[in-house]
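Have a look at entry-v3.txt below; it lists compact mmCIF, C-alpha atoms.
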```txt
# COMPACT_ATOMS: atom_id res chain seq x y z
CA MET A 1 0.91 -2.76 4.26
CA LYS A 2 1.49 -5.97 2.30
CA ASN A 3 -0.14 -4.56 -0.85
CA TRP A 4 1.39 -1.07 -0.61
CA SER A 5 3.38 0.15 -3.58
CA LEU A 6 7.06 1.08 -3.31
CA LYS A 7 6.09 4.75 -3.47
CA GLN A 8 3.60 4.37 -0.63
CA ARG A 9 6.14 2.50 1.48
CA LEU A 10 8.94 5.01 0.87
CA THR A 11 6.65 8.00 1.42
CA THR A 12 5.28 6.57 4.67
CA VAL A 13 8.71 5.62 6.03
CA SER A 14 10.20 8.98 5.02
CA SER A 15 7.29 10.85 6.63
CA ILE A 16 7.81 8.96 9.88
CA ILE A 17 11.58 9.51 9.81
CA LEU A 18 11.15 13.24 9.13
CA LEU A 19 8.50 13.48 11.85
CA ILE A 20 10.78 11.80 14.40
CA ALA A 21 13.78 13.90 13.34
CA PHE A 22 11.84 17.18 13.46
CA SER A 23 10.31 16.23 16.82
CA ILE A 24 13.79 15.66 18.23
CA ILE A 25 14.94 18.97 16.73
CA PHE A 26 11.88 20.73 18.18
CA PHE A 27 12.32 19.47 21.73
CA ALA A 28 16.11 19.86 21.64
CA THR A 29 15.81 23.43 20.32
CA LYS A 30 13.17 24.33 22.89
CA SER A 31 15.26 22.87 25.70
CA ALA A 32 18.39 24.65 24.49
CA TYR A 33 16.52 27.94 24.19
CA LEU A 34 15.07 27.55 27.70
CA ILE A 35 18.50 26.86 29.18
CA ALA A 36 20.04 29.76 27.26
CA SER A 37 17.21 32.07 28.34
CA LYS A 38 17.65 31.10 31.98
CA ASN A 39 21.38 31.73 31.71
CA ARG A 40 20.80 35.15 30.17
CA LEU A 41 18.24 35.93 32.86
CA GLN A 42 20.63 34.87 35.59
CA GLU A 43 23.38 37.05 34.12
CA SER A 44 21.00 40.00 33.81
CA MET A 45 19.81 39.64 37.42
CA THR A 46 23.40 39.30 38.61
CA ALA A 47 24.24 42.53 36.79
CA GLN A 48 21.32 44.19 38.62
CA ILE A 49 22.80 43.17 41.99
CA TYR A 50 26.21 44.55 41.05
CA ALA A 51 24.52 47.76 39.87
CA LEU A 52 22.84 48.09 43.30
CA LEU A 53 26.17 47.49 45.03
CA ALA A 54 27.69 50.22 42.85
CA VAL A 55 25.23 52.87 44.01
CA ALA A 56 25.04 51.77 47.67
CA ASN A 57 27.02 53.82 50.19
CA ASP A 58 27.49 54.32 53.94
CA ASP A 59 25.49 57.10 55.55
CA GLN A 60 26.38 57.44 59.24
CA GLY A 61 26.49 53.70 59.84
CA ILE A 62 23.44 52.99 57.71
CA LEU A 63 23.42 51.43 54.24
CA PHE A 64 21.94 53.96 51.83
CA ILE A 65 20.66 53.38 48.29
CA PRO A 66 19.30 56.32 46.24
CA ASP A 67 15.55 56.43 45.60
CA ILE A 68 16.03 57.17 41.91
CA LEU A 69 17.87 54.48 39.98
CA ARG A 70 18.95 54.42 36.39
CA ASN A 71 16.83 51.34 35.78
CA GLU A 72 13.36 51.74 34.33
CA ARG A 73 12.29 48.21 35.17
CA LEU A 74 13.04 48.58 38.89
CA GLU A 75 10.97 51.78 38.92
CA ASN A 76 7.99 50.34 36.99
CA LEU A 77 5.31 48.41 38.93
CA SER A 78 4.37 46.25 35.94
CA SER A 79 7.89 45.32 34.87
CA GLY A 80 8.00 42.05 36.82
CA LEU A 81 11.53 42.81 38.13
CA VAL A 82 11.94 43.56 41.86
CA ALA A 83 14.92 44.24 44.16
CA TYR A 84 15.32 44.08 47.94
CA VAL A 85 18.06 44.76 50.45
CA LEU A 86 17.45 43.03 53.77
CA GLU A 87 19.34 42.84 56.98
CA GLN A 88 20.47 39.52 58.42
CA ASP A 89 17.33 39.29 60.59
CA GLY A 90 15.11 39.79 57.52
CA SER A 91 14.13 43.38 58.18
CA LEU A 92 13.81 45.66 55.18
CA VAL A 93 16.62 48.10 54.40
CA TRP A 94 15.51 49.06 50.90
CA GLN A 95 13.18 47.94 48.14
CA SER A 96 12.72 49.02 44.56
CA PRO A 97 9.62 51.00 43.55
CA SER A 98 8.58 48.03 41.35
CA SER A 99 8.35 45.78 44.45
CA GLU A 100 5.70 47.92 46.13
CA LEU A 101 3.12 45.76 44.34
CA PHE A 102 3.88 43.00 46.89
CA GLN A 103 2.89 43.12 50.55
CA THR A 104 5.46 40.68 51.91
CA LEU A 105 9.23 40.32 51.83
CA PRO A 106 11.23 37.47 50.33
CA ASN A 107 11.74 34.40 52.49
CA MET A 108 15.15 34.62 54.13
CA GLN A 109 15.11 30.88 54.89
CA GLN A 110 15.49 30.13 51.17
CA THR A 111 19.15 29.82 50.29
CA LEU A 112 19.92 32.22 47.46
CA SER A 113 23.08 32.65 45.43
CA LEU A 114 24.36 34.06 42.16
CA ASP A 115 25.23 30.59 40.81
CA LYS A 116 21.70 29.45 40.05
CA LEU A 117 18.13 30.64 39.81
CA SER A 118 15.86 29.70 42.69
CA SER A 119 12.14 29.35 42.18
CA SER A 120 9.27 30.04 44.56
CA ASN A 121 5.65 31.12 44.73
CA PHE A 122 5.54 34.75 45.85
CA GLU A 123 2.05 35.99 46.63
CA GLY A 124 0.53 33.79 43.90
CA ARG A 125 3.20 34.57 41.34
CA MET A 126 5.99 32.19 40.37
CA MET A 127 9.29 34.04 40.71
CA PHE A 128 12.96 33.46 39.94
CA TRP A 129 15.36 34.66 42.65
CA ILE A 130 19.08 35.22 43.08
CA GLY A 131 20.77 36.72 46.13
CA LEU A 132 24.13 37.77 47.46
CA PRO A 133 25.07 38.24 51.15
CA ILE A 134 27.39 41.21 51.61
CA THR A 135 29.25 42.06 54.82
CA TRP A 136 29.47 45.86 54.95
CA GLU A 137 32.02 47.63 57.11
CA HIS A 138 30.58 50.89 58.47
CA GLU A 139 32.36 53.75 60.19
CA GLY A 140 33.84 52.82 63.53
CA ASN A 141 34.69 49.31 62.30
CA GLN A 142 31.10 48.20 62.60
CA GLU A 143 30.20 45.27 60.29
CA LYS A 144 26.75 44.27 59.15
CA THR A 145 25.57 41.59 56.75
CA TYR A 146 23.06 42.60 54.11
CA TYR A 147 21.24 40.48 51.55
CA PHE A 148 20.92 41.93 48.09
CA ILE A 149 18.03 40.09 46.38
CA ILE A 150 16.72 40.34 42.81
CA GLY A 151 13.51 38.63 41.64
CA GLU A 152 11.72 38.34 38.29
CA LYS A 153 8.37 36.86 37.36
CA GLN A 154 8.69 33.49 35.60
CA SER A 155 5.81 34.35 33.26
CA ILE A 156 8.13 36.72 31.38
CA LEU A 157 10.54 33.91 30.57
CA THR A 158 7.69 31.44 29.95
CA SER A 159 6.04 33.80 27.45
CA ALA A 160 9.30 34.25 25.57
CA VAL A 161 9.88 30.48 25.47
CA ASP A 162 6.30 29.82 24.30
CA GLU A 163 6.62 32.40 21.55
CA PHE A 164 9.91 30.86 20.42
CA LYS A 165 8.40 27.35 20.62
CA ASN A 166 5.42 28.34 18.45
CA GLU A 167 7.68 29.96 15.88
CA VAL A 168 9.97 26.93 15.72
CA PHE A 169 6.97 24.59 15.46
CA ALA A 170 5.55 26.62 12.57
CA TRP A 171 8.86 26.59 10.70
CA LEU A 172 9.45 22.89 11.29
CA SER A 173 5.89 22.00 10.22
CA THR A 174 6.24 24.05 7.06
CA SER A 175 9.64 22.48 6.36
CA TRP A 176 8.20 19.00 6.94
CA VAL A 177 5.42 19.56 4.40
CA LEU A 178 7.78 21.15 1.86
CA LEU A 179 10.29 18.31 2.24
CA LEU A 180 7.53 15.75 1.68
CA VAL A 181 6.47 17.55 -1.49
CA VAL A 182 10.07 17.70 -2.72
CA PHE A 183 10.58 14.06 -1.75
CA SER A 184 7.44 13.08 -3.65
CA TYR A 185 8.75 14.71 -6.82
CA ALA A 186 12.18 13.16 -6.28
CA LEU A 187 10.58 9.77 -5.70
CA ASN A 188 8.64 10.04 -8.96
CA PHE A 189 11.91 10.87 -10.71
CA PHE A 190 13.76 7.91 -9.17
CA LEU A 191 10.90 5.46 -9.78
CA ARG A 192 10.30 6.57 -13.36
CA PRO A 193 12.54 3.80 -14.81
CA LEU A 194 10.51 1.21 -12.87
CA LYS A 195 7.33 2.78 -14.24
CA ASN A 196 8.75 2.59 -17.77
CA ALA A 197 9.67 -1.06 -17.24
CA GLN A 198 6.16 -1.78 -15.94
CA GLU A 199 4.61 -0.10 -18.99
CA GLN A 200 6.84 -2.11 -21.33
CA ILE A 201 5.96 -5.37 -19.57
CA GLU A 202 2.27 -4.45 -19.79
CA LEU A 203 2.65 -3.95 -23.57
CA VAL A 204 4.19 -7.41 -23.78
CA ARG A 205 1.39 -8.85 -21.66
CA LEU A 206 -1.24 -7.29 -23.94
CA GLY A 207 0.52 -8.66 -27.01
CA LYS A 208 1.47 -5.19 -28.32
CA ALA A 209 5.22 -5.79 -28.02
CA LYS A 210 7.50 -8.80 -28.22
CA ASN A 211 10.22 -7.59 -25.85
CA VAL A 212 10.86 -5.06 -23.10
CA LEU A 213 12.38 -2.09 -24.91
CA GLY A 214 14.02 1.10 -23.68
CA ASP A 215 17.06 2.47 -21.88
CA PHE A 216 17.09 1.56 -18.20
CA PRO A 217 19.50 2.25 -15.29
CA GLU A 218 22.17 -0.38 -14.74
CA GLU A 219 20.30 -1.69 -11.67
CA LEU A 220 17.30 -2.64 -13.85
CA ILE A 221 19.21 -4.02 -16.84
CA PRO A 222 19.60 -7.53 -15.29
CA LEU A 223 15.83 -7.64 -14.68
CA THR A 224 14.78 -6.48 -18.15
CA SER A 225 17.40 -8.70 -19.78
CA SER A 226 16.12 -11.73 -17.87
CA ILE A 227 12.53 -10.94 -18.92
CA ASN A 228 13.59 -10.63 -22.57
CA GLN A 229 15.51 -13.91 -22.36
CA LEU A 230 12.41 -15.57 -20.90
CA LEU A 231 10.24 -14.18 -23.70
CA ASP A 232 12.71 -15.31 -26.35
CA SER A 233 12.85 -18.77 -24.77
CA GLU A 234 9.05 -18.95 -24.76
CA ALA A 235 8.92 -17.90 -28.43
CA ARG A 236 11.47 -20.57 -29.36
CA GLN A 237 9.51 -23.16 -27.39
CA LYS A 238 6.31 -22.23 -29.21
CA ASN A 239 8.10 -22.54 -32.52
CA ARG A 240 9.28 -26.02 -31.53
CA TYR A 241 5.72 -26.96 -30.55
CA ARG A 242 4.42 -25.62 -33.85
CA ASP A 243 7.02 -27.45 -35.91
CA THR A 244 6.64 -30.72 -34.01
CA LEU A 245 2.86 -30.75 -34.11
CA GLY A 246 2.85 -29.53 -37.69
CA ASN A 247 5.00 -32.49 -38.60
CA LEU A 248 2.67 -34.75 -36.61
CA ALA A 249 -0.40 -33.37 -38.36
CA HIS A 250 1.27 -33.71 -41.75
CA SER A 251 2.30 -37.28 -40.96
CA LEU A 252 -1.27 -38.20 -40.02
CA LYS A 253 -2.83 -36.41 -42.92
CA THR A 254 -1.79 -38.89 -45.63
CA PRO A 255 -2.82 -42.08 -43.75
CA LEU A 256 -6.15 -40.49 -42.86
CA ALA A 257 -6.73 -39.50 -46.48
CA ILE A 258 -5.99 -43.06 -47.63
CA MET A 259 -8.36 -44.47 -44.98
CA LYS A 260 -11.06 -42.05 -46.04
CA GLY A 261 -10.63 -43.04 -49.70
CA GLU A 262 -10.87 -46.71 -48.87
CA ILE A 263 -14.01 -46.10 -46.86
CA GLU A 264 -15.61 -44.32 -49.80
CA ASN A 265 -15.19 -47.56 -51.77
CA HIS A 266 -16.53 -49.67 -48.91
CA LYS A 267 -19.75 -51.48 -49.68
CA ILE A 268 -21.29 -51.36 -46.17
CA ASN A 269 -22.87 -47.93 -45.75
CA ASP A 270 -23.42 -48.10 -41.99
CA LYS A 271 -19.80 -48.90 -41.21
CA LYS A 272 -18.71 -46.37 -43.81
CA ASN A 273 -20.66 -43.65 -42.02
CA ILE A 274 -19.29 -44.59 -38.58
CA LEU A 275 -15.69 -44.74 -39.77
CA SER A 276 -16.03 -41.44 -41.66
CA ILE A 277 -17.33 -39.71 -38.53
CA GLN A 278 -14.46 -41.04 -36.44
CA ILE A 279 -11.87 -40.00 -39.03
CA GLU A 280 -13.35 -36.49 -39.13
CA ARG A 281 -13.21 -36.47 -35.35
CA ILE A 282 -9.51 -37.41 -35.46
CA ASN A 283 -8.91 -34.57 -37.93
CA ASP A 284 -10.70 -32.10 -35.67
CA ILE A 285 -8.74 -33.25 -32.62
CA VAL A 286 -5.40 -32.93 -34.42
CA ARG A 287 -6.28 -29.44 -35.70
CA TYR A 288 -7.45 -28.23 -32.31
CA GLN A 289 -4.53 -29.68 -30.35
CA LEU A 290 -2.11 -28.16 -32.84
CA ASN A 291 -3.73 -24.75 -32.46
CA ARG A 292 -4.07 -25.03 -28.68
CA SER A 293 -0.46 -26.04 -28.12
CA VAL A 294 0.78 -23.01 -30.05
CA ILE A 295 -1.63 -20.42 -28.68
CA SER A 296 -2.25 -21.52 -25.11
CA SER A 297 1.09 -23.02 -24.16
CA GLY A 298 1.69 -19.85 -22.17
CA GLN A 299 -0.40 -16.90 -21.06
CA THR A 300 2.26 -14.20 -21.37
CA LEU A 301 0.39 -12.56 -24.25
CA VAL A 302 -3.23 -11.88 -23.48
CA ARG A 303 -5.89 -12.52 -26.10
CA THR A 304 -9.56 -11.88 -25.55
CA CYS A 305 -12.70 -12.71 -27.44
CA ALA A 306 -16.38 -11.86 -27.21
CA VAL A 307 -18.31 -14.69 -25.57
CA GLU A 308 -21.80 -14.39 -27.07
CA PRO A 309 -20.92 -15.05 -30.77
CA GLU A 310 -18.86 -18.12 -29.88
CA VAL A 311 -21.53 -19.53 -27.56
CA GLU A 312 -24.18 -18.88 -30.22
CA LYS A 313 -22.17 -20.90 -32.77
CA MET A 314 -21.66 -23.70 -30.26
CA VAL A 315 -25.38 -23.85 -29.41
CA ALA A 316 -26.29 -24.01 -33.12
CA ALA A 317 -23.86 -26.90 -33.66
CA LEU A 318 -25.02 -28.84 -30.59
CA SER A 319 -28.67 -28.37 -31.55
CA LYS A 320 -27.99 -30.10 -34.87
CA VAL A 321 -25.94 -32.90 -33.31
CA HIS A 322 -28.54 -33.68 -30.65
CA GLN A 323 -31.58 -32.96 -32.80
CA PRO A 324 -32.82 -36.59 -32.57
CA LYS A 325 -33.24 -36.17 -28.78
CA GLY A 326 -35.32 -33.01 -29.22
CA LEU A 327 -33.24 -31.09 -26.65
CA LYS A 328 -33.86 -27.48 -25.75
CA ILE A 329 -30.45 -25.75 -25.60
CA GLU A 330 -30.51 -22.13 -24.42
CA TYR A 331 -27.80 -19.56 -23.78
CA ARG A 332 -27.86 -16.45 -21.58
CA VAL A 333 -24.80 -14.25 -21.99
CA GLU A 334 -24.66 -10.78 -20.51
CA PRO A 335 -23.78 -8.06 -23.08
CA ASN A 336 -20.07 -7.27 -23.52
CA THR A 337 -18.94 -10.41 -21.70
CA ILE A 338 -15.31 -11.11 -22.60
CA PHE A 339 -13.36 -14.35 -22.32
CA PRO A 340 -9.73 -13.63 -21.28
CA GLY A 341 -8.17 -15.97 -23.82
CA ASP A 342 -8.32 -17.54 -27.25
CA ALA A 343 -11.65 -18.25 -28.97
CA GLY A 344 -10.55 -21.85 -29.62
CA ASP A 345 -10.08 -22.43 -25.90
CA LEU A 346 -13.50 -20.92 -25.19
CA LEU A 347 -15.16 -23.15 -27.79
CA GLU A 348 -13.41 -26.23 -26.43
CA LEU A 349 -14.38 -25.29 -22.86
CA VAL A 350 -18.03 -24.60 -23.64
CA GLY A 351 -18.28 -27.41 -26.21
CA ASN A 352 -17.04 -30.17 -23.91
CA LEU A 353 -19.16 -29.05 -20.97
CA ALA A 354 -22.27 -28.50 -23.10
CA ASP A 355 -21.81 -31.77 -25.02
CA ASN A 356 -21.46 -33.60 -21.71
CA ALA A 357 -24.63 -31.93 -20.42
CA CYS A 358 -26.53 -32.84 -23.60
CA LYS A 359 -25.60 -36.50 -23.16
CA TRP A 360 -27.04 -36.63 -19.63
CA THR A 361 -29.92 -34.18 -19.71
CA HIS A 362 -33.55 -35.14 -20.17
CA SER A 363 -34.72 -32.13 -22.13
CA THR A 364 -33.04 -28.80 -21.26
CA VAL A 365 -29.50 -27.39 -21.17
CA VAL A 366 -28.79 -23.74 -20.25
CA ILE A 367 -25.43 -22.06 -20.92
CA SER A 368 -24.86 -18.81 -18.97
CA ALA A 369 -21.89 -16.43 -18.90
CA LYS A 370 -21.17 -13.09 -17.24
CA PRO A 371 -18.35 -11.05 -15.66
CA LYS A 372 -18.42 -10.87 -11.86
CA ASP A 373 -15.90 -9.48 -9.33
CA GLY A 374 -13.03 -9.52 -11.80
CA LEU A 375 -13.84 -13.05 -12.99
CA PHE A 376 -15.26 -14.59 -16.13
CA CYS A 377 -18.07 -16.86 -14.92
CA LEU A 378 -19.49 -19.71 -17.00
CA TYR A 379 -22.45 -21.88 -15.91
CA LEU A 380 -23.78 -25.11 -17.48
CA ASP A 381 -27.18 -26.28 -16.15
CA ASP A 382 -29.14 -29.38 -17.14
CA ASP A 383 -32.22 -31.24 -15.91
CA GLY A 384 -30.59 -34.67 -15.95
CA PRO A 385 -30.04 -37.06 -13.02
CA GLY A 386 -27.31 -34.86 -11.55
CA ILE A 387 -24.04 -35.98 -9.94
CA GLU A 388 -23.73 -37.29 -6.41
CA LYS A 389 -21.39 -35.36 -4.10
CA GLN A 390 -19.02 -38.31 -3.67
CA ASN A 391 -18.57 -38.53 -7.47
CA ARG A 392 -18.07 -34.85 -8.26
CA GLU A 393 -14.33 -34.82 -7.72
CA ALA A 394 -13.73 -38.15 -9.44
CA ILE A 395 -15.60 -37.16 -12.59
CA LEU A 396 -13.12 -34.37 -13.28
CA ASN A 397 -10.20 -36.81 -13.50
CA ARG A 398 -8.87 -37.77 -16.92
CA GLY A 399 -10.72 -40.67 -18.51
CA LYS A 400 -13.15 -41.12 -15.59
CA ARG A 401 -16.69 -42.11 -16.67
CA LEU A 402 -19.62 -42.78 -14.37
CA ASP A 403 -21.70 -44.61 -16.98
CA GLN A 404 -20.08 -46.77 -19.67
CA LYS A 405 -23.32 -46.77 -21.66
CA ILE A 406 -22.89 -43.12 -22.60
CA GLU A 407 -20.79 -42.55 -25.74
CA GLY A 408 -17.31 -41.02 -25.27
CA GLN A 409 -13.80 -41.63 -24.05
CA GLY A 410 -14.09 -39.65 -20.81
CA LEU A 411 -11.52 -37.08 -22.02
CA GLY A 412 -13.88 -34.10 -22.44
CA LEU A 413 -13.85 -32.99 -18.81
CA SER A 414 -10.12 -33.61 -18.46
CA ILE A 415 -9.53 -31.29 -21.43
CA VAL A 416 -11.77 -28.76 -19.67
CA MET A 417 -9.63 -29.13 -16.55
CA ASP A 418 -6.44 -28.54 -18.58
CA ILE A 419 -7.85 -25.33 -20.06
CA ILE A 420 -9.06 -24.05 -16.68
CA LYS A 421 -5.71 -24.82 -15.06
CA ASN A 422 -3.87 -23.09 -17.88
CA TYR A 423 -5.93 -19.94 -17.26
CA ARG A 424 -5.53 -20.20 -13.46
CA GLY A 425 -9.27 -20.71 -13.09
CA ASP A 426 -11.49 -22.94 -11.00
CA ILE A 427 -14.38 -25.37 -11.58
CA SER A 428 -17.01 -26.77 -9.25
CA ILE A 429 -20.02 -29.06 -9.60
CA GLU A 430 -23.26 -28.31 -7.76
CA LYS A 431 -26.94 -29.16 -8.00
CA SER A 432 -28.74 -27.21 -10.71
CA ALA A 433 -31.96 -25.32 -10.21
CA LEU A 434 -33.23 -27.39 -13.15
CA GLY A 435 -32.75 -30.54 -11.08
CA GLY A 436 -29.59 -31.88 -12.71
CA ALA A 437 -25.94 -30.83 -12.51
CA LEU A 438 -24.52 -27.29 -12.48
CA PHE A 439 -20.95 -26.85 -13.69
CA ARG A 440 -19.54 -23.51 -12.46
CA VAL A 441 -16.31 -22.23 -14.08
CA THR A 442 -14.47 -19.05 -12.99
CA ILE A 443 -11.42 -17.58 -14.73
CA PRO A 444 -9.61 -14.36 -13.67
CA LEU A 445 -10.08 -11.47 -16.08
```

Serialized structure, structure tokens:
Amino acid sequence: MKNWSLKQRLTTVSSIILLIAFSIIFFATKSAYLIASKNRLQESMTAQIYALLAVANDDQGILFIPDILRNERLENLSSGLVAYVLEQDGSLVWQSPSSELFQTLPNMQQTLSLDKLSSSNFEGRMMFWIGLPITWEHEGNQEKTYYFIIGEKQSILTSAVDEFKNEVFAWLSTSWVLLLVVFSYALNFFLRPLKNAQEQIELVRLGKAKNVLGDFPEELIPLTSSINQLLDSEARQKNRYRDTLGNLAHSLKTPLAIMKGEIENHKINDKKNILSIQIERINDIVRYQLNRSVISSGQTLVRTCAVEPEVEKMVAALSKVHQPKGLKIEYRVEPNTIFPGDAGDLLELVGNLADNACKWTHSTVVISAKPKDGLFCLYLDDDGPGIEKQNREAILNRGKRLDQKIEGQGLGLSIVMDIIKNYRGDISIEKSALGGALFRVTIPL
């Protein structure tokens, strides 16, 4: 759930809340309906007893109830409603035509009343019972106690409750689904400002806009304002870098030009050539660092470049520089491979690694690049002596050199490390299949 979006989180939580709420409603409604149904049944059965009492009369000292009653259910065998009148010893006085389906009489040992429904198994059928003892005074002051008993099959009530339960479940399920659909549309409406802000930030990230633009709710205004202030601060900082380094480059330009002019008049050609090369190198370093400080001081705005043309140019330049050694410099770049940054950074990255490989290799250097698992992957192989495991970490430190005989200041790999760090990438050194060192660089796309 860590990577779930706000919409997924809200939808899931809302679904669970609605499910719990509707479950409570379902069970509470079913329970209330069952209680209400039992109460109605109890009242109906009580009314049946009073109806029997109304038609009962005294016939020469015997309790008499007419055979024909104005109650269709008590006369129908399949109605599930039965009635009995028993004497105190349990002998039968009268029974309804509907009770002739049963072979036995109700159990007199079970305490029955009008206040609650009693339950029992009656010849394999679960029944509800209520009863009322009546003391009847016959002619001649003779008193007898009779039990008026009404019973009804529980399956009638159970069927009604099940039907009600299924109907409520269907309505609640439908309501749950409809509410989720409505909530989804409402959620899209509420989250639309966040979506707009995300789209604006993406335009800034892709370099298609300078600021987050648009009208946002007051809750988002502090966020968008802070982002715009950050972007403005970054722009001002870049301008300061550009101005400062521009001044630095301009300040160095005149002394370098004077030095170059003096060298042209120098009589010793060898020293002239060496000094000229170093001055050109200083010029290149100043130009690159000026460009790099302005472009790569922050990665808010994304720039991309095709890898193969830049690597091809770098290989051509290195082949000329190291022509006296007769090196074989190859490149293998998968089609449509993109570097997620500025071309100058790519050239500096490949150039420093490849130049370092050319200094140490015996005969072959291979530059490879491809996209893999959302990463830009760069590989530099050579067939040189390789790098021992204990030295691999140290060699990436600024100014660290393993062999003082090899030309350089030891800054090439540290510049590589700065570029990789700036792009949130990673670098590792392994043994190459060619026998030398393999530099593996990965940068998120």

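Using all atoms listed in the file for every distance, the candidate list A:Ser98, A:Ser31, A:Gln198, A:Ser414 yields A:Ser98 as the residue closest to A:Ser79.
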
TODO: Determine the nearest neighbour of A:Ala354 from the options A:Gly341, A:Gln142, A:Gly326, A:Val311, counting all atoms listed in the file.
DONE: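 Closest to A:Ala354 of all the choices is A:Val311.
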
- [ ] Take atom CA of A:Thr224 and atom CA of A:Phe183 and report the distance between them in Å, one decimal.
- [x]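 Between atom CA of A:Thr224 and atom CA of A:Phe183 the gap works out to 26.6 Å.
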
TODO: To one decimal in Å, tell me the separation between atom CA of A:Asn247 and atom CA of A:Ile282.
DONE: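 Atom CA of A:Ile282 lies at a distance of 15.6 Å from atom CA of A:Asn247.
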
Kindly list the centre and edge lengths in Å, rounded to one decimal, for the axis-aligned box that covers all listed atoms of stretch 86-103 of chain A plus 6 Å on each of its six sides, as AutoDock Vina command-line options.
```
--center_x 11.7 --center_y 45.1 --center_z 51.0 --size_x 29.6 --size_y 23.7 --size_z 31.2
```

Open item on the list: One number please: atom CA of A:Leu349 to atom CA of A:Leu248, in Å, one decimal.
Closed with: 23.9 Å

TODO: Select, counting all atoms listed in the file, all protein, DNA and RNA residues no farther than 12 Å from (23.9, 29.3, 52.6) in file coordinates, and express the selection as a list of chain:residue names.
DONE: A:Met108, A:Gln109, A:Gln110, A:Thr111, A:Leu112, A:Ser113, A:Leu114, A:Asp115, A:Gly131, A:Leu132, A:Pro133, A:Tyr147

Task: Nearest to A:Lys372, chosen from A:Gly207, A:Gly344, A:Pro106, A:Pro444, with only C-alpha atoms counted in the distances - done: A:Pro444
